[in-house]
Each structure stands twice: as structure tokens, then as C-alpha cells.
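Student: Input file: model_8.pdb. Contents: PDB, C-alpha atoms.
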```
ATOM      1  CA  MET A   1       8.087 147.415 -32.870
ATOM      2  CA  LEU A   2      11.562 148.758 -33.546
ATOM      3  CA  VAL A   3      14.363 146.297 -34.119
ATOM      4  CA  TRP A   4      16.005 147.361 -30.845
ATOM      5  CA  GLU A   5      12.951 146.177 -28.886
ATOM      6  CA  ARG A   6      11.941 143.169 -30.967
ATOM      7  CA  PRO A   7      13.014 139.855 -29.403
ATOM      8  CA  GLU A   8      15.093 137.506 -31.487
ATOM      9  CA  PRO A   9      13.524 134.235 -32.671
ATOM     10  CA  PRO A  10      13.984 131.311 -30.298
ATOM     11  CA  GLU A  11      17.118 129.267 -30.899
ATOM     12  CA  ARG A  12      16.736 126.138 -32.964
ATOM     13  CA  PRO A  13      19.034 123.123 -33.313
ATOM     14  CA  VAL A  14      20.494 124.049 -36.691
ATOM     15  CA  PRO A  15      23.954 123.506 -38.223
ATOM     16  CA  ALA A  16      24.731 127.264 -38.236
ATOM     17  CA  PRO A  17      23.347 129.038 -35.124
ATOM     18  CA  LEU A  18      22.407 132.638 -35.823
ATOM     19  CA  ASN A  19      21.647 135.862 -33.991
ATOM     20  CA  ARG A  20      21.527 139.572 -34.805
ATOM     21  CA  GLU A  21      25.042 140.213 -33.556
ATOM     22  CA  LYS A  22      26.506 137.619 -35.930
ATOM     23  CA  ILE A  23      24.509 139.068 -38.812
ATOM     24  CA  VAL A  24      25.639 142.622 -38.057
ATOM     25  CA  ARG A  25      29.296 141.647 -37.622
ATOM     26  CA  ALA A  26      29.262 139.818 -40.951
ATOM     27  CA  ALA A  27      27.705 142.855 -42.643
ATOM     28  CA  ILE A  28      30.315 145.168 -41.098
ATOM     29  CA  ARG A  29      33.144 142.940 -42.342
ATOM     30  CA  LEU A  30      31.722 143.124 -45.865
ATOM     31  CA  ALA A  31      31.293 146.907 -45.687
ATOM     32  CA  ASP A  32      34.786 147.437 -44.238
ATOM     33  CA  ALA A  33      36.286 145.419 -47.073
ATOM     34  CA  ASP A  34      34.294 146.653 -50.061
ATOM     35  CA  GLY A  35      31.922 149.458 -49.033
ATOM     36  CA  LEU A  36      28.179 149.573 -48.547
ATOM     37  CA  GLU A  37      27.569 148.328 -52.079
ATOM     38  CA  ALA A  38      28.942 144.981 -50.908
ATOM     39  CA  VAL A  39      26.226 144.665 -48.271
ATOM     40  CA  SER A  40      23.033 142.835 -49.107
ATOM     41  CA  LEU A  41      21.058 140.255 -47.195
ATOM     42  CA  ARG A  42      22.036 137.641 -49.753
ATOM     43  CA  LYS A  43      25.752 138.410 -49.439
ATOM     44  CA  VAL A  44      25.567 138.487 -45.658
ATOM     45  CA  ALA A  45      23.755 135.141 -45.652
ATOM     46  CA  THR A  46      26.422 133.674 -47.943
ATOM     47  CA  ALA A  47      29.161 134.915 -45.620
ATOM     48  CA  LEU A  48      27.394 133.219 -42.713
ATOM     49  CA  GLY A  49      26.756 130.012 -44.626
ATOM     50  CA  VAL A  50      22.968 130.204 -44.316
ATOM     51  CA  GLY A  51      20.066 130.816 -46.659
ATOM     52  CA  PRO A  52      18.914 134.436 -47.092
ATOM     53  CA  MET A  53      15.436 133.703 -45.776
ATOM     54  CA  ARG A  54      16.852 132.821 -42.360
ATOM     55  CA  LEU A  55      17.953 136.411 -41.902
ATOM     56  CA  TYR A  56      14.381 137.664 -42.130
ATOM     57  CA  GLY A  57      13.634 136.046 -38.803
ATOM     58  CA  TYR A  58      16.030 138.549 -37.245
ATOM     59  CA  ILE A  59      15.764 141.691 -39.389
ATOM     60  CA  ALA A  60      13.023 143.030 -41.626
ATOM     61  CA  GLY A  61      15.314 144.203 -44.439
ATOM     62  CA  LYS A  62      18.416 146.099 -45.428
ATOM     63  CA  GLU A  63      17.383 149.375 -43.763
ATOM     64  CA  GLU A  64      17.187 147.660 -40.385
ATOM     65  CA  LEU A  65      20.530 146.006 -41.082
ATOM     66  CA  LEU A  66      22.141 149.387 -41.788
ATOM     67  CA  ASP A  67      20.661 150.810 -38.579
ATOM     68  CA  LEU A  68      22.108 147.903 -36.624
ATOM     69  CA  MET A  69      25.502 148.318 -38.288
ATOM     70  CA  VAL A  70      25.660 152.016 -37.424
ATOM     71  CA  ASP A  71      24.631 151.367 -33.839
ATOM     72  CA  ALA A  72      27.275 148.651 -33.503
ATOM     73  CA  VAL A  73      29.932 151.193 -34.518
ATOM     74  CA  TYR A  74      28.492 153.712 -32.058
ATOM     75  CA  ALA A  75      29.695 151.300 -29.369
ATOM     76  CA  GLU A  76      33.205 152.419 -30.382
ATOM     77  CA  ILE A  77      32.307 156.083 -29.814
ATOM     78  CA  ARG A  78      32.577 156.626 -26.090
ATOM     79  CA  PRO A  79      33.291 160.287 -25.270
ATOM     80  CA  VAL A  80      35.177 160.829 -22.015
ATOM     81  CA  GLY A  81      36.800 163.745 -20.232
ATOM     82  CA  ASP A  82      36.517 166.265 -17.432
ATOM     83  CA  GLY A  83      34.119 169.025 -18.371
ATOM     84  CA  TRP A  84      32.036 169.691 -21.441
ATOM     85  CA  ARG A  85      34.906 170.864 -23.652
ATOM     86  CA  GLU A  86      36.970 167.712 -23.178
ATOM     87  CA  VAL A  87      33.923 165.528 -23.717
ATOM     88  CA  LEU A  88      32.956 167.333 -26.918
ATOM     89  CA  ARG A  89      36.540 167.040 -28.167
ATOM     90  CA  SER A  90      36.513 163.344 -27.323
ATOM     91  CA  LEU A  91      33.174 162.987 -29.113
ATOM     92  CA  ALA A  92      34.621 164.565 -32.245
ATOM     93  CA  GLU A  93      37.850 162.565 -32.186
ATOM     94  CA  THR A  94      36.271 159.180 -31.467
ATOM     95  CA  THR A  95      33.635 159.715 -34.148
ATOM     96  CA  ARG A  96      36.348 160.622 -36.642
ATOM     97  CA  ARG A  97      38.407 157.584 -35.647
ATOM     98  CA  ALA A  98      35.402 155.290 -36.104
ATOM     99  CA  ALA A  99      34.722 156.756 -39.553
ATOM    100  CA  HIS A 100      38.347 156.190 -40.556
ATOM    101  CA  GLU A 101      38.143 152.558 -39.434
ATOM    102  CA  HIS A 102      34.735 152.060 -41.094
ATOM    103  CA  GLU A 103      34.686 154.394 -44.109
ATOM    104  CA  TRP A 104      31.098 153.457 -44.970
ATOM    105  CA  LEU A 105      29.976 155.116 -41.722
ATOM    106  CA  ALA A 106      30.618 158.521 -43.298
ATOM    107  CA  ASP A 107      27.884 157.759 -45.836
ATOM    108  CA  LEU A 108      25.319 157.017 -43.110
ATOM    109  CA  LEU A 109      26.010 159.750 -40.556
ATOM    110  CA  GLY A 110      23.653 162.700 -40.387
ATOM    111  CA  GLY A 111      19.940 162.925 -41.035
ATOM    112  CA  ARG A 112      17.586 161.749 -38.345
ATOM    113  CA  PRO A 113      19.180 160.829 -35.007
ATOM    114  CA  GLN A 114      20.284 157.261 -34.431
ATOM    115  CA  LEU A 115      18.232 155.783 -31.586
ATOM    116  CA  GLY A 116      19.855 152.414 -31.016
ATOM    117  CA  PRO A 117      21.112 151.539 -27.527
ATOM    118  CA  HIS A 118      24.758 152.379 -28.259
ATOM    119  CA  ALA A 119      23.842 155.677 -29.908
ATOM    120  CA  LEU A 120      21.677 156.568 -26.910
ATOM    121  CA  ALA A 121      24.511 155.676 -24.514
ATOM    122  CA  ARG A 122      26.833 157.959 -26.478
ATOM    123  CA  GLY A 123      24.232 160.718 -26.378
ATOM    124  CA  GLU A 124      23.718 160.300 -22.645
ATOM    125  CA  ALA A 125      27.459 160.648 -21.976
ATOM    126  CA  VAL A 126      27.654 163.834 -24.024
ATOM    127  CA  VAL A 127      24.511 165.481 -22.677
ATOM    128  CA  ALA A 128      25.464 164.625 -19.075
ATOM    129  CA  ALA A 129      28.756 166.478 -19.577
ATOM    130  CA  LEU A 130      26.784 169.570 -20.610
ATOM    131  CA  HIS A 131      24.806 169.725 -17.348
ATOM    132  CA  ASP A 132      26.004 173.282 -16.677
ATOM    133  CA  VAL A 133      24.885 174.505 -20.102
ATOM    134  CA  ASP A 134      21.440 176.022 -20.533
ATOM    135  CA  THR A 135      19.029 173.249 -21.428
ATOM    136  CA  ASP A 136      17.885 175.000 -24.605
ATOM    137  CA  ALA A 137      21.498 175.221 -25.820
ATOM    138  CA  VAL A 138      22.487 171.575 -25.241
ATOM    139  CA  MET A 139      21.202 170.053 -28.462
ATOM    140  CA  PRO A 140      22.326 172.956 -30.716
ATOM    141  CA  VAL A 141      25.837 172.603 -29.259
ATOM    142  CA  VAL A 142      25.946 168.836 -29.812
ATOM    143  CA  THR A 143      24.452 169.249 -33.286
ATOM    144  CA  ALA A 144      27.105 171.831 -34.189
ATOM    145  CA  VAL A 145      29.928 169.470 -33.175
ATOM    146  CA  ASP A 146      28.309 166.553 -35.009
ATOM    147  CA  ALA A 147      27.862 168.669 -38.137
ATOM    148  CA  TYR A 148      31.517 169.727 -38.059
ATOM    149  CA  VAL A 149      32.718 166.147 -37.644
ATOM    150  CA  ILE A 150      30.428 164.753 -40.336
ATOM    151  CA  GLY A 151      31.601 167.370 -42.827
ATOM    152  CA  ALA A 152      35.252 166.774 -41.972
ATOM    153  CA  VAL A 153      35.148 162.986 -42.151
ATOM    154  CA  ARG A 154      33.179 162.980 -45.383
ATOM    155  CA  ARG A 155      35.818 165.191 -46.963
ATOM    156  CA  GLU A 156      38.610 162.995 -45.608
ATOM    157  CA  VAL A 157      36.946 159.784 -46.755
ATOM    158  CA  ALA A 158      36.321 161.312 -50.176
ATOM    159  CA  ASP A 159      40.043 162.139 -50.369
ATOM    160  CA  ARG A 160      40.942 158.562 -49.482
ATOM    161  CA  ARG A 161      38.622 157.184 -52.125
ATOM    162  CA  ALA A 162      39.970 159.576 -54.743
ATOM    163  CA  GLU A 163      43.517 158.531 -53.894
ATOM    164  CA  ARG A 164      42.621 154.864 -54.342
ATOM    165  CA  ALA A 165      40.770 155.543 -57.573
ATOM    166  CA  THR A 166      43.506 157.679 -59.149
ATOM    167  CA  GLY A 167      46.624 156.251 -57.527
ATOM    168  CA  MET A 168      47.653 159.820 -56.621
ATOM    169  CA  ASP A 169      48.080 160.956 -53.045
ATOM    170  CA  GLU A 170      47.294 164.556 -52.091
ATOM    171  CA  ARG A 171      50.853 165.755 -52.632
ATOM    172  CA  ARG A 172      51.043 164.308 -56.157
ATOM    173  CA  TRP A 173      47.579 165.614 -56.976
ATOM    174  CA  GLN A 174      48.545 169.123 -55.844
ATOM    175  CA  ALA A 175      51.773 168.944 -57.834
ATOM    176  CA  SER A 176      49.835 167.979 -60.953
ATOM    177  CA  LEU A 177      47.664 171.081 -60.577
ATOM    178  CA  GLY A 178      50.548 173.395 -59.712
ATOM    179  CA  PRO A 179      51.229 174.699 -63.250
ATOM    180  CA  TYR A 180      47.527 175.406 -63.822
ATOM    181  CA  LEU A 181      47.230 177.351 -60.568
ATOM    182  CA  GLU A 182      50.393 179.337 -61.288
ATOM    183  CA  ARG A 183      49.023 180.364 -64.692
ATOM    184  CA  THR A 184      45.643 181.228 -63.189
ATOM    185  CA  PHE A 185      47.053 183.244 -60.289
ATOM    186  CA  ALA A 186      49.388 185.086 -62.669
ATOM    187  CA  THR A 187      46.327 186.716 -64.243
ATOM    188  CA  GLY A 188      45.804 188.692 -61.035
ATOM    189  CA  ARG A 189      42.129 187.747 -60.867
ATOM    190  CA  PHE A 190      42.374 185.914 -57.524
ATOM    191  CA  PRO A 191      44.880 187.833 -55.359
ATOM    192  CA  ALA A 192      43.486 186.875 -51.949
ATOM    193  CA  LEU A 193      43.303 183.203 -52.838
ATOM    194  CA  ALA A 194      46.774 183.277 -54.372
ATOM    195  CA  THR A 195      48.232 184.755 -51.177
ATOM    196  CA  VAL A 196      46.702 182.064 -48.996
ATOM    197  CA  VAL A 197      47.740 179.216 -51.292
ATOM    198  CA  ARG A 198      51.314 180.476 -51.562
ATOM    199  CA  ASP A 199      51.953 181.819 -48.046
ATOM    200  CA  ALA A 200      49.715 180.015 -45.551
ATOM    201  CA  ALA A 201      50.910 176.974 -43.619
ATOM    202  CA  HIS A 202      49.923 173.747 -45.345
ATOM    203  CA  LEU A 203      48.373 171.661 -42.587
ATOM    204  CA  ASP A 204      47.791 167.932 -42.761
ATOM    205  CA  ALA A 205      44.375 166.389 -42.154
ATOM    206  CA  ASP A 206      44.924 165.885 -38.422
ATOM    207  CA  GLU A 207      46.096 169.469 -37.882
ATOM    208  CA  THR A 208      43.259 170.853 -39.970
ATOM    209  CA  PHE A 209      40.693 168.843 -38.015
ATOM    210  CA  ARG A 210      42.041 169.885 -34.612
ATOM    211  CA  MET A 211      42.292 173.568 -35.550
ATOM    212  CA  GLY A 212      38.776 173.673 -36.951
ATOM    213  CA  LEU A 213      37.457 171.923 -33.851
ATOM    214  CA  ASP A 214      39.237 174.469 -31.646
ATOM    215  CA  PHE A 215      37.577 177.305 -33.561
ATOM    216  CA  LEU A 216      34.187 175.687 -33.002
ATOM    217  CA  LEU A 217      34.714 174.958 -29.299
ATOM    218  CA  ASP A 218      36.055 178.474 -28.713
ATOM    219  CA  GLY A 219      32.859 179.821 -30.214
ATOM    220  CA  VAL A 220      30.721 177.523 -28.080
ATOM    221  CA  GLU A 221      32.602 178.611 -24.947
ATOM    222  CA  ALA A 222      32.210 182.284 -25.782
ATOM    223  CA  ARG A 223      28.483 181.855 -26.357
ATOM    224  CA  ILE A 224      27.646 179.839 -23.238
ATOM    225  CA  SER A 225      29.859 182.039 -21.021
ATOM    226  CA  ARG A 226      27.785 185.146 -21.673
TER     227      ARG A 226
END
```
Rewrite the structure of this file - the entire thing - as C-alpha cells.

Tutor:
Amino acid sequence: MLVWERPEPPERPVPAPLNREKIVRAAIRLADADGLEAVSLRKVATALGVGPMRLYGYIAGKEELLDLMVDAVYAEIRPVGDGWREVLRSLAETTRRAAHEHEWLADLLGGRPQLGPHALARGEAVVAALHDVDTDAVMPVVTAVDAYVIGAVRREVADRRAERATGMDERRWQASLGPYLERTFATGRFPALATVVRDAAHLDADETFRMGLDFLLDGVEARISR
């Protein structure tokens, strides 16, 4: 039986009452502070002031804990809007916001679909907004938006981590590479790339995300309007 369906153990008169929600919230606090490497059943138990074996009455192991953590964050992803385009935009933006607030989420998105109750509620809201879209196209459309968001947030989170590791923000990092790029472009080997780097607008992360999402949604609209 999946963890979503498995009943919790009956409550006992113990000094530190426990349930899955408390376990998951403690694990999320650890991950938010120090990343997924900070999450283990032993560390979660220590944070809750209980012995590690008590947690096994509620979850079978770390994989179930990670599934529960992801589903808890899916509760923060509630797409809204009038019409499929607004809902898909809201889906992308709320997913991105959740990944910024919980950087570890970027490491766990993708792969097989999440099937917890909050993930299913999010999926229901999105699919319901696509009721006018051909049934065979619904999941490819949602998958395309998810894939775009996952790629974008993983890049953004990687940038954040690099900045923390090096102490250099993007502007300083680019400045440090400027002389190398000038020498390289001066060879004439990369004229198209040199033109874009020198002449194109330099967008920030928010502008880049919104523009890329617009490109994707424009393509979706053109395809389903045929």
C-alpha cells in the first residue's frame, strides 16, 4: 500500500507526539536550510526529539520521506486563471516560485509523475483548464510546460549555488570572463555568437523565464488552434 493510502499508527501517550505531517515539516526545514544531503531519518528524528525507530511506524524509508516532502510542496503550487493559457502560465510561475523557496525541489522534479494528493490536485486544476484541448494533446502540452520549467529552475538554482560557492554573482562572473571572450571573439571564429553577446539585450532571470514561457505558449496556441 502506498504511503498516501496507508493509515498512520494509532496515537500513543508519549512525551513527543508524532505524525507524518510533523515528520515531513521537520525534513523540509532541514532541506531548506542545508539541502537534501542534510535529510536523513536519523537527523529528522533528532530534530523532532525522538528515536529514529519511531519514524518507521510512519514511513518505510527515505524514499517515502522524499515523496512526502515533494507532495507537501505541491500544496504551494495551485495554478489559477481564466482559460488554459493563464492556468499554464500560473502553473509555470508557481512551480518556479516553489523551487526558489525550496531549492532542493529542483533536484527531485521530473522523472515519473508525482501521485500524492497535492500533486493530483495540481494536475486536476491544470487538466480541467485544458477541457477545450483535444484529449490526446492535453498531457503533451502539460509535459512541455513542466519540462520548460524544470530546465529553467534547475539552471537558476545551479546559478545560485555557484554564486554561494564562489562568492561571485553573475555580473562579477561575466566580468571575470570578459577579457577571455574578447580575445576569443577577436579571432573571428564565432561571429554569430559574438554579435549576440555584444548586441543583444541582456535579460535578467525573470525576463528570460517569462520570454521563454511566452515562446512556448505561443507555440502551444498555434498548434491547438489548427

Student: Give me the residues within 12 Å of Ala47 (chain A) as JSON, numbers by chain, counting all atoms listed in the file and dropping any in the same chain fewer than 4 places off.

Tutor: {"A": [16, 22, 23, 24, 25, 26, 27, 28, 29, 30, 38, 39, 40, 41, 42, 43, 51, 52, 55]}

Student: Residues of region 100-164 of chain A that have any atom at most 12 Å from an atom of region 58-77 of chain A: could you tabulate them with the shortest-distance atom pair and the distance in Å to one decimal, using all atoms listed in the file, ordered by chain and increasing number, as a tab-separated table?

Tutor:
```
residue	atom	partner	partner_atom	distance
A:His100	CA	A:Val73	CA	11.5
A:Glu101	CA	A:Val73	CA	9.7
A:His102	CA	A:Val73	CA	8.2
A:Glu103	CA	A:Val73	CA	11.2
A:Trp104	CA	A:Val70	CA	9.4
A:Leu105	CA	A:Val70	CA	6.8
A:Ala106	CA	A:Val70	CA	10.1
A:Asp107	CA	A:Val70	CA	10.4
A:Leu108	CA	A:Val70	CA	7.6
A:Leu109	CA	A:Val70	CA	8.4
A:Gly110	CA	A:Val70	CA	11.3
A:Arg112	CA	A:Asp67	CA	11.4
A:Pro113	CA	A:Asp67	CA	10.7
A:Gln114	CA	A:Asp71	CA	7.3
A:Leu115	CA	A:Asp71	CA	8.1
A:Gly116	CA	A:Asp71	CA	5.6
A:Pro117	CA	A:Asp71	CA	7.2
A:His118	CA	A:Ala75	CA	5.2
A:Ala119	CA	A:Tyr74	CA	5.5
A:Leu120	CA	A:Tyr74	CA	9.0
A:Ala121	CA	A:Ala75	CA	8.3
A:Arg122	CA	A:Ile77	CA	6.7
A:Gly123	CA	A:Ile77	CA	9.9
A:Glu124	CA	A:Ile77	CA	12.0
A:Ala125	CA	A:Ile77	CA	10.3
A:Val126	CA	A:Ile77	CA	10.7
```

Student: Go ahead and compute the interatomic distance for CA of Val138 (chain A) and CA of Arg85 (chain A), in Å to one decimal.

Tutor: 12.5 Å

Student: Using the chain letters and numbers from the file, which residues does the PyMOL selection byres ((chain A and resi 94) around 10) grab, as a list in words?

Tutor: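 Selected by the PyMOL selection byres ((chain A and resi 94) around 10) here: Tyr74, Glu76, Ile77, Arg78, Pro79, Val80, Leu88, Arg89, Ser90, Leu91, Ala92, Glu93, Thr95, Arg96, Arg97, Ala98, Ala99, His100 and Val149 of chain A.
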
Student: Selection from above, C-alpha atoms, as a PDB file, in the coordinates of the input, can you write it?

Tutor:
```
ATOM      1  CA  TYR A  74      28.492 153.712 -32.058  1.00  0.00           C
ATOM      2  CA  GLU A  76      33.205 152.419 -30.382  1.00  0.00           C
ATOM      3  CA  ILE A  77      32.307 156.083 -29.814  1.00  0.00           C
ATOM      4  CA  ARG A  78      32.577 156.626 -26.090  1.00  0.00           C
ATOM      5  CA  PRO A  79      33.291 160.287 -25.270  1.00  0.00           C
ATOM      6  CA  VAL A  80      35.177 160.829 -22.015  1.00  0.00           C
ATOM      7  CA  LEU A  88      32.956 167.333 -26.918  1.00  0.00           C
ATOM      8  CA  ARG A  89      36.540 167.040 -28.167  1.00  0.00           C
ATOM      9  CA  SER A  90      36.513 163.344 -27.323  1.00  0.00           C
ATOM     10  CA  LEU A  91      33.174 162.987 -29.113  1.00  0.00           C
ATOM     11  CA  ALA A  92      34.621 164.565 -32.245  1.00  0.00           C
ATOM     12  CA  GLU A  93      37.850 162.565 -32.186  1.00  0.00           C
ATOM     13  CA  THR A  95      33.635 159.715 -34.148  1.00  0.00           C
ATOM     14  CA  ARG A  96      36.348 160.622 -36.642  1.00  0.00           C
ATOM     15  CA  ARG A  97      38.407 157.584 -35.647  1.00  0.00           C
ATOM     16  CA  ALA A  98      35.402 155.290 -36.104  1.00  0.00           C
ATOM     17  CA  ALA A  99      34.722 156.756 -39.553  1.00  0.00           C
ATOM     18  CA  HIS A 100      38.347 156.190 -40.556  1.00  0.00           C
ATOM     19  CA  VAL A 149      32.718 166.147 -37.644  1.00  0.00           C
TER      20      VAL A 149
END
```

Student: Quick one: pull the distance between CA of Pro17 (chain A) and CA of Leu36 (chain A), Å, one decimal.

Tutor: 25.0 Å

Student: Could you name the residues that touch Ala144 (chain A) at 10 Å or less, counting all atoms listed in the file, but leaving out those on the same chain fewer than 4 positions away, as a list in words?

Tutor: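 Contacts, with the query itself left out: Met139, Pro140, Tyr148, Val149, Ile150, Leu216, Leu217 and Val220 of chain A.
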
Student: What is the distance between CA of Trp84 (chain A) and CA of Leu130 (chain A), in Å to one decimal?

Tutor: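 One can read the CA of Trp84 (chain A) to CA of Leu130 (chain A) distance as 5.3 Å.
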
Student: Would you please work out which residue, of A:Arg223, A:Asp32, A:Arg210, A:Arg198, is nearest to Leu181 (chain A) when using all atoms listed in the file?

Tutor: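 Once distances to Leu181 (chain A) are computed over all atoms listed in the file, the minimum belongs to A:Arg198.
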
Student: Applied to the shown file, which residues does the PyMOL selection byres ((chain A and resi 224) around 10) return, written as a list in words?

Tutor: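 Here the PyMOL selection byres ((chain A and resi 224) around 10) matches Asp132, Val133, Asp134, Ala137, Val138, Val141, Gly219, Val220, Glu221, Ala222, Arg223, Ser225 and Arg226 of chain A.
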
Student: Could you write those residues out with C-alpha atoms, as an mmCIF file, in the frame of the given file?

Tutor:
```
data_model
loop_
_atom_site.group_PDB
_atom_site.id
_atom_site.type_symbol
_atom_site.label_atom_id
_atom_site.label_comp_id
_atom_site.auth_asym_id
_atom_site.auth_seq_id
_atom_site.Cartn_x
_atom_site.Cartn_y
_atom_site.Cartn_z
ATOM 1 C CA ASP A 132 26.004 173.282 -16.677
ATOM 2 C CA VAL A 133 24.885 174.505 -20.102
ATOM 3 C CA ASP A 134 21.440 176.022 -20.533
ATOM 4 C CA ALA A 137 21.498 175.221 -25.820
ATOM 5 C CA VAL A 138 22.487 171.575 -25.241
ATOM 6 C CA VAL A 141 25.837 172.603 -29.259
ATOM 7 C CA GLY A 219 32.859 179.821 -30.214
ATOM 8 C CA VAL A 220 30.721 177.523 -28.080
ATOM 9 C CA GLU A 221 32.602 178.611 -24.947
ATOM 10 C CA ALA A 222 32.210 182.284 -25.782
ATOM 11 C CA ARG A 223 28.483 181.855 -26.357
ATOM 12 C CA SER A 225 29.859 182.039 -21.021
ATOM 13 C CA ARG A 226 27.785 185.146 -21.673
#
```
